[in-house]
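Shown next: entry-v8.csv, given as CSV, N, CA and C atoms.
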```csv
chain,number,residue,atom,x,y,z
A,1,MET,N,105.8,39.8,26.6
A,1,MET,CA,106.7,38.6,26.7
A,1,MET,C,108.1,39.1,26.7
A,2,ALA,N,108.9,38.5,27.6
A,2,ALA,CA,110.3,38.9,27.7
A,2,ALA,C,111.1,38.3,26.6
A,3,LEU,N,112.1,39.1,26.2
A,3,LEU,CA,113.0,38.7,25.1
A,3,LEU,C,114.0,37.7,25.6
A,4,PHE,N,114.4,37.9,26.8
A,4,PHE,CA,115.5,37.0,27.4
A,4,PHE,C,114.9,36.3,28.6
A,5,LYS,N,115.2,35.0,28.7
A,5,LYS,CA,114.8,34.2,29.8
A,5,LYS,C,115.9,34.3,30.9
A,6,ARG,N,115.5,34.6,32.1
A,6,ARG,CA,116.5,34.7,33.2
A,6,ARG,C,116.8,33.2,33.6
A,7,VAL,N,118.0,32.9,33.6
A,7,VAL,CA,118.4,31.5,34.1
A,7,VAL,C,118.9,31.6,35.5
A,8,ARG,N,118.3,30.9,36.4
A,8,ARG,CA,118.7,30.9,37.8
A,8,ARG,C,119.6,29.7,38.0
A,9,LYS,N,120.8,30.0,38.4
A,9,LYS,CA,121.8,28.9,38.7
A,9,LYS,C,121.7,28.5,40.1
A,10,PRO,N,121.5,27.2,40.4
A,10,PRO,CA,121.4,26.7,41.7
A,10,PRO,C,122.6,27.1,42.6
A,11,ALA,N,122.4,27.5,43.8
A,11,ALA,CA,123.5,27.9,44.7
A,11,ALA,C,124.1,26.6,45.3
A,12,GLY,N,125.4,26.6,45.6
A,12,GLY,CA,126.0,25.5,46.2
A,12,GLY,C,127.4,25.3,45.7
A,13,LYS,N,128.2,24.4,46.2
A,13,LYS,CA,129.5,24.2,45.8
A,13,LYS,C,129.7,22.7,45.3
A,14,PRO,N,130.6,22.5,44.3
A,14,PRO,CA,131.0,21.2,44.0
A,14,PRO,C,131.6,20.5,45.2
A,15,GLY,N,131.4,19.2,45.3
A,15,GLY,CA,132.0,18.5,46.5
A,15,GLY,C,130.9,18.4,47.6
A,16,GLU,N,129.8,19.1,47.4
A,16,GLU,CA,128.7,18.9,48.3
A,16,GLU,C,127.7,18.0,47.6
A,17,TRP,N,127.0,17.1,48.4
A,17,TRP,CA,126.1,16.2,47.8
A,17,TRP,C,124.7,16.5,48.2
A,18,TYR,N,123.8,16.3,47.2
A,18,TYR,CA,122.4,16.6,47.4
A,18,TYR,C,121.5,15.4,47.0
A,19,TYR,N,120.3,15.4,47.5
A,19,TYR,CA,119.3,14.4,47.0
A,19,TYR,C,118.2,15.2,46.4
A,20,CYS,N,118.0,14.9,45.1
A,20,CYS,CA,116.9,15.6,44.4
A,20,CYS,C,115.6,14.9,44.6
A,21,LEU,N,114.6,15.6,45.1
A,21,LEU,CA,113.3,15.0,45.4
A,21,LEU,C,112.5,14.8,44.1
A,22,GLU,N,112.7,15.7,43.1
A,22,GLU,CA,112.0,15.6,41.9
A,22,GLU,C,112.5,14.4,41.0
A,23,HIS,N,113.8,14.2,40.9
A,23,HIS,CA,114.3,13.2,40.1
A,23,HIS,C,114.7,11.9,40.8
A,24,LYS,N,114.6,12.0,42.2
A,24,LYS,CA,114.9,10.9,43.0
A,24,LYS,C,116.3,10.3,42.8
A,25,LYS,N,117.3,11.2,42.8
A,25,LYS,CA,118.7,10.8,42.6
A,25,LYS,C,119.6,11.7,43.3
A,26,VAL,N,120.8,11.2,43.5
A,26,VAL,CA,121.9,12.0,44.2
A,26,VAL,C,122.6,12.8,43.2
A,27,GLU,N,123.0,14.0,43.6
A,27,GLU,CA,123.7,15.0,42.7
A,27,GLU,C,124.9,15.5,43.4
A,28,GLU,N,126.0,15.7,42.7
A,28,GLU,CA,127.2,16.3,43.3
A,28,GLU,C,127.1,17.8,42.9
A,29,GLY,N,127.2,18.7,43.8
A,29,GLY,CA,126.9,20.1,43.5
A,29,GLY,C,125.5,20.2,43.2
A,30,PRO,N,124.9,21.4,43.2
A,30,PRO,CA,123.5,21.6,42.9
A,30,PRO,C,123.2,21.5,41.4
A,31,GLU,N,122.3,20.6,41.1
A,31,GLU,CA,121.8,20.6,39.7
A,31,GLU,C,120.4,21.1,39.6
A,32,CYS,N,119.7,20.9,40.6
A,32,CYS,CA,118.2,21.3,40.7
A,32,CYS,C,118.0,22.4,41.7
A,33,PRO,N,116.9,23.1,41.5
A,33,PRO,CA,116.7,24.2,42.5
A,33,PRO,C,116.6,23.7,43.9
A,34,ALA,N,116.9,24.6,44.9
A,34,ALA,CA,116.9,24.3,46.3
A,34,ALA,C,115.5,23.7,46.8
A,35,LYS,N,114.4,24.2,46.2
A,35,LYS,CA,113.1,23.8,46.6
A,35,LYS,C,112.9,22.3,46.3
A,36,ASP,N,113.7,21.7,45.4
A,36,ASP,CA,113.5,20.3,45.0
A,36,ASP,C,114.6,19.4,45.6
A,37,ARG,N,115.4,19.8,46.6
A,37,ARG,CA,116.5,18.9,47.0
A,37,ARG,C,116.7,19.0,48.5
A,38,PHE,N,117.3,18.0,49.1
A,38,PHE,CA,117.8,17.9,50.4
A,38,PHE,C,119.3,18.0,50.4
A,39,GLY,N,119.9,18.7,51.4
A,39,GLY,CA,121.3,18.8,51.4
A,39,GLY,C,121.7,20.2,51.8
A,40,PRO,N,123.0,20.4,51.8
A,40,PRO,CA,124.1,19.6,51.4
A,40,PRO,C,124.5,18.5,52.4
A,41,TYR,N,125.0,17.4,51.9
A,41,TYR,CA,125.6,16.4,52.7
A,41,TYR,C,127.1,16.3,52.4
A,42,SER,N,127.9,15.8,53.3
A,42,SER,CA,129.3,15.8,53.1
A,42,SER,C,129.8,14.6,52.3
A,43,THR,N,129.0,13.6,52.2
A,43,THR,CA,129.3,12.4,51.4
A,43,THR,C,128.2,11.9,50.5
A,44,ARG,N,128.5,11.2,49.5
A,44,ARG,CA,127.5,10.6,48.6
A,44,ARG,C,126.6,9.7,49.4
A,45,ALA,N,127.2,8.9,50.3
A,45,ALA,CA,126.4,7.9,51.1
A,45,ALA,C,125.3,8.6,51.9
A,46,GLU,N,125.7,9.7,52.5
A,46,GLU,CA,124.7,10.4,53.3
A,46,GLU,C,123.6,10.9,52.5
A,47,ALA,N,123.9,11.4,51.3
A,47,ALA,CA,122.8,11.9,50.4
A,47,ALA,C,121.9,10.7,49.9
A,48,GLU,N,122.5,9.6,49.7
A,48,GLU,CA,121.8,8.4,49.2
A,48,GLU,C,120.7,8.0,50.3
A,49,HIS,N,121.0,8.3,51.5
A,49,HIS,CA,120.1,7.9,52.6
A,49,HIS,C,119.3,9.1,53.1
A,50,ALA,N,119.1,10.1,52.3
A,50,ALA,CA,118.4,11.3,52.7
A,50,ALA,C,117.0,11.1,53.1
A,51,MET,N,116.3,10.3,52.4
A,51,MET,CA,114.9,10.0,52.7
A,51,MET,C,114.7,9.2,54.0
A,52,GLU,N,115.6,8.3,54.2
A,52,GLU,CA,115.6,7.6,55.5
A,52,GLU,C,115.9,8.5,56.7
A,53,THR,N,116.9,9.4,56.5
A,53,THR,CA,117.2,10.3,57.5
A,53,THR,C,116.0,11.3,57.8
A,54,ALA,N,115.4,11.7,56.8
A,54,ALA,CA,114.2,12.6,57.0
A,54,ALA,C,113.1,11.9,57.7
A,55,ALA,N,112.8,10.6,57.3
A,55,ALA,CA,111.8,9.9,58.0
A,55,ALA,C,112.1,9.6,59.4
A,56,SER,N,113.3,9.3,59.7
A,56,SER,CA,113.8,9.1,61.1
A,56,SER,C,113.6,10.4,61.9
A,57,ARG,N,114.0,11.5,61.4
A,57,ARG,CA,113.9,12.8,62.1
A,57,ARG,C,112.4,13.2,62.3
A,58,ASN,N,111.6,12.9,61.3
A,58,ASN,CA,110.1,13.2,61.5
A,58,ASN,C,109.5,12.4,62.6
A,59,LEU,N,109.9,11.1,62.7
A,59,LEU,CA,109.4,10.3,63.7
A,59,LEU,C,109.9,10.8,65.1
A,60,GLU,N,111.1,11.2,65.2
A,60,GLU,CA,111.6,11.7,66.5
A,60,GLU,C,110.8,13.0,66.9
A,61,TRP,N,110.6,13.8,65.9
A,61,TRP,CA,109.8,15.0,66.1
A,61,TRP,C,108.4,14.7,66.6
A,62,GLU,N,107.8,13.8,66.0
A,62,GLU,CA,106.4,13.4,66.3
A,62,GLU,C,106.3,12.9,67.7
A,63,LYS,N,107.3,12.2,68.2
A,63,LYS,CA,107.3,11.6,69.6
A,63,LYS,C,107.8,12.6,70.6
A,64,ASP,N,108.4,13.8,70.2
A,64,ASP,CA,108.9,14.7,71.2
A,64,ASP,C,107.8,15.6,71.8
A,65,PRO,N,107.5,15.4,73.1
A,65,PRO,CA,106.5,16.2,73.7
A,65,PRO,C,106.7,17.7,73.7
A,66,ARG,N,107.9,18.1,73.6
A,66,ARG,CA,108.2,19.6,73.6
A,66,ARG,C,107.7,20.3,72.3
A,67,TRP,N,107.4,19.5,71.3
A,67,TRP,CA,106.9,20.1,70.0
A,67,TRP,C,105.4,20.1,69.8
A,68,HIS,N,104.7,19.6,70.8
A,68,HIS,CA,103.3,19.5,70.7
A,68,HIS,C,102.6,20.4,71.7
A,69,ASP,N,101.6,21.1,71.3
A,69,ASP,CA,100.8,21.9,72.2
A,69,ASP,C,99.9,21.1,73.1
A,70,ALA,N,99.6,21.6,74.2
A,70,ALA,CA,98.6,20.9,75.0
A,70,ALA,C,97.3,20.8,74.3
A,71,PRO,N,96.5,19.8,74.6
A,71,PRO,CA,95.2,19.7,74.0
A,71,PRO,C,94.3,20.9,74.4
A,72,ARG,N,93.4,21.2,73.6
A,72,ARG,CA,92.5,22.4,73.7
A,72,ARG,C,91.9,22.5,75.1
A,73,ASP,N,91.4,21.3,75.6
A,73,ASP,CA,90.7,21.3,76.9
A,73,ASP,C,91.7,21.8,78.0
A,74,GLU,N,92.9,21.4,78.0
A,74,GLU,CA,93.9,21.8,79.0
A,74,GLU,C,94.2,23.3,78.9
A,75,GLN,N,94.2,23.9,77.7
A,75,GLN,CA,94.5,25.3,77.5
A,75,GLN,C,93.4,26.1,78.1
A,76,ASP,N,92.1,25.7,77.9
A,76,ASP,CA,91.0,26.5,78.3
A,76,ASP,C,90.8,26.5,79.8
A,77,GLN,N,91.3,25.5,80.6
A,77,GLN,CA,91.2,25.5,82.0
A,77,GLN,C,92.2,26.4,82.7
A,78,SER,N,93.2,26.8,82.0
A,78,SER,CA,94.3,27.6,82.6
A,78,SER,C,93.8,29.0,82.9
```
Encoded form using structure tokens:
Amino acid sequence: MALFKRVRKPAGKPGEWYYCLEHKKVEEGPECPAKDRFGPYSTRAEAEHAMETAASRNLEWEKDPRWHDAPRDEQDQS
């Protein structure tokens, strides 16, 4: 067992805004680890809408034909 616990300080700068996925709240500067947040955003308002932005981008990606492989049948005929 280690005598000292290593404390990892989240990377980022004050003045940058993040949305914490674990706590479901907006943070100025990083408070939570990078794996648990979206950002950085330049304004608090952008961070408040992080989940809507992500949903919109996911929908755009799903509809973009450049990001989908051809069905298996088409690949086998080539």
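When atom N of Ser42 of chain A is paired with atom CA of Glu62 of chain A, their separation reads 25.2 Å.
One finds atom C of Gly29 of chain A at 7.2 Å from atom C of Gly15 of chain A.
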Taking all atoms listed in the file into account, which of A:Leu3, A:Cys32, A:Thr43, A:Ala54 comes nearest Glu16 of chain A? A:Thr43
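The point (120.5, 16.3, 51.8) has these residues within 8 Å of it, counting all atoms listed in the file: A:Trp17, A:Tyr18, A:Tyr19, A:Cys20, A:Arg37, A:Phe38, A:Gly39, A:Pro40, A:Tyr41, A:Ser42, A:Glu46, A:Ala47, A:Glu48, A:His49, A:Ala50, A:Met51.
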Atom pair atom CA of Glu22 of chain A / atom CA of Lys35 of chain A: separation (Å): 9.5 Å
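Of the listed residues A:Trp61, A:Ala45, A:Arg66, A:Asp36, the one whose atoms come nearest to His23 of chain A is A:Asp36, with distances taken using only C-alpha atoms.
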Residue completion, segment 13-33 of chain A, N, CA, C and O atoms, as a compact mmCIF listing (two decimals), in the frame of the given file:
```
# COMPACT_ATOMS: atom_id res chain seq x y z
N LYS A 13 128.20 24.40 46.20
CA LYS A 13 129.50 24.20 45.80
C LYS A 13 129.70 22.70 45.30
O LYS A 13 129.16 21.81 45.88
N PRO A 14 130.60 22.50 44.30
CA PRO A 14 131.00 21.20 44.00
C PRO A 14 131.60 20.50 45.20
O PRO A 14 132.29 21.15 45.98
N GLY A 15 131.40 19.20 45.30
CA GLY A 15 132.00 18.50 46.50
C GLY A 15 130.90 18.40 47.60
O GLY A 15 131.09 17.58 48.50
N GLU A 16 129.80 19.10 47.40
CA GLU A 16 128.70 18.90 48.30
C GLU A 16 127.70 18.00 47.60
O GLU A 16 127.54 18.06 46.41
N TRP A 17 127.00 17.10 48.40
CA TRP A 17 126.10 16.20 47.80
C TRP A 17 124.70 16.50 48.20
O TRP A 17 124.42 16.99 49.28
N TYR A 18 123.80 16.30 47.20
CA TYR A 18 122.40 16.60 47.40
C TYR A 18 121.50 15.40 47.00
O TYR A 18 121.95 14.65 46.14
N TYR A 19 120.30 15.40 47.50
CA TYR A 19 119.30 14.40 47.00
C TYR A 19 118.20 15.20 46.40
O TYR A 19 117.54 15.98 47.03
N CYS A 20 118.00 14.90 45.10
CA CYS A 20 116.90 15.60 44.40
C CYS A 20 115.60 14.90 44.60
O CYS A 20 115.45 13.72 44.25
N LEU A 21 114.60 15.60 45.10
CA LEU A 21 113.30 15.00 45.40
C LEU A 21 112.50 14.80 44.10
O LEU A 21 111.68 13.94 44.06
N GLU A 22 112.70 15.70 43.10
CA GLU A 22 112.00 15.60 41.90
C GLU A 22 112.50 14.40 41.00
O GLU A 22 111.67 13.61 40.51
N HIS A 23 113.80 14.20 40.90
CA HIS A 23 114.30 13.20 40.10
C HIS A 23 114.70 11.90 40.80
O HIS A 23 115.12 10.94 40.24
N LYS A 24 114.60 12.00 42.20
CA LYS A 24 114.90 10.90 43.00
C LYS A 24 116.30 10.30 42.80
O LYS A 24 116.51 9.12 42.59
N LYS A 25 117.30 11.20 42.80
CA LYS A 25 118.70 10.80 42.60
C LYS A 25 119.60 11.70 43.30
O LYS A 25 119.27 12.81 43.76
N VAL A 26 120.80 11.20 43.50
CA VAL A 26 121.90 12.00 44.20
C VAL A 26 122.60 12.80 43.20
O VAL A 26 122.88 12.38 42.06
N GLU A 27 123.00 14.00 43.60
CA GLU A 27 123.70 15.00 42.70
C GLU A 27 124.90 15.50 43.40
O GLU A 27 124.83 15.82 44.62
N GLU A 28 126.00 15.70 42.70
CA GLU A 28 127.20 16.30 43.30
C GLU A 28 127.10 17.80 42.90
O GLU A 28 126.99 18.08 41.67
N GLY A 29 127.20 18.70 43.80
CA GLY A 29 126.90 20.10 43.50
C GLY A 29 125.50 20.20 43.20
O GLY A 29 124.78 19.25 42.86
N PRO A 30 124.90 21.40 43.20
CA PRO A 30 123.50 21.60 42.90
C PRO A 30 123.20 21.50 41.40
O PRO A 30 123.84 22.21 40.66
N GLU A 31 122.30 20.60 41.10
CA GLU A 31 121.80 20.60 39.70
C GLU A 31 120.40 21.10 39.60
O GLU A 31 120.03 21.72 38.61
N CYS A 32 119.70 20.90 40.60
CA CYS A 32 118.20 21.30 40.70
C CYS A 32 118.00 22.40 41.70
O CYS A 32 118.86 22.61 42.55
N PRO A 33 116.90 23.10 41.50
CA PRO A 33 116.70 24.20 42.50
C PRO A 33 116.60 23.70 43.90
O PRO A 33 116.20 22.59 44.19
```
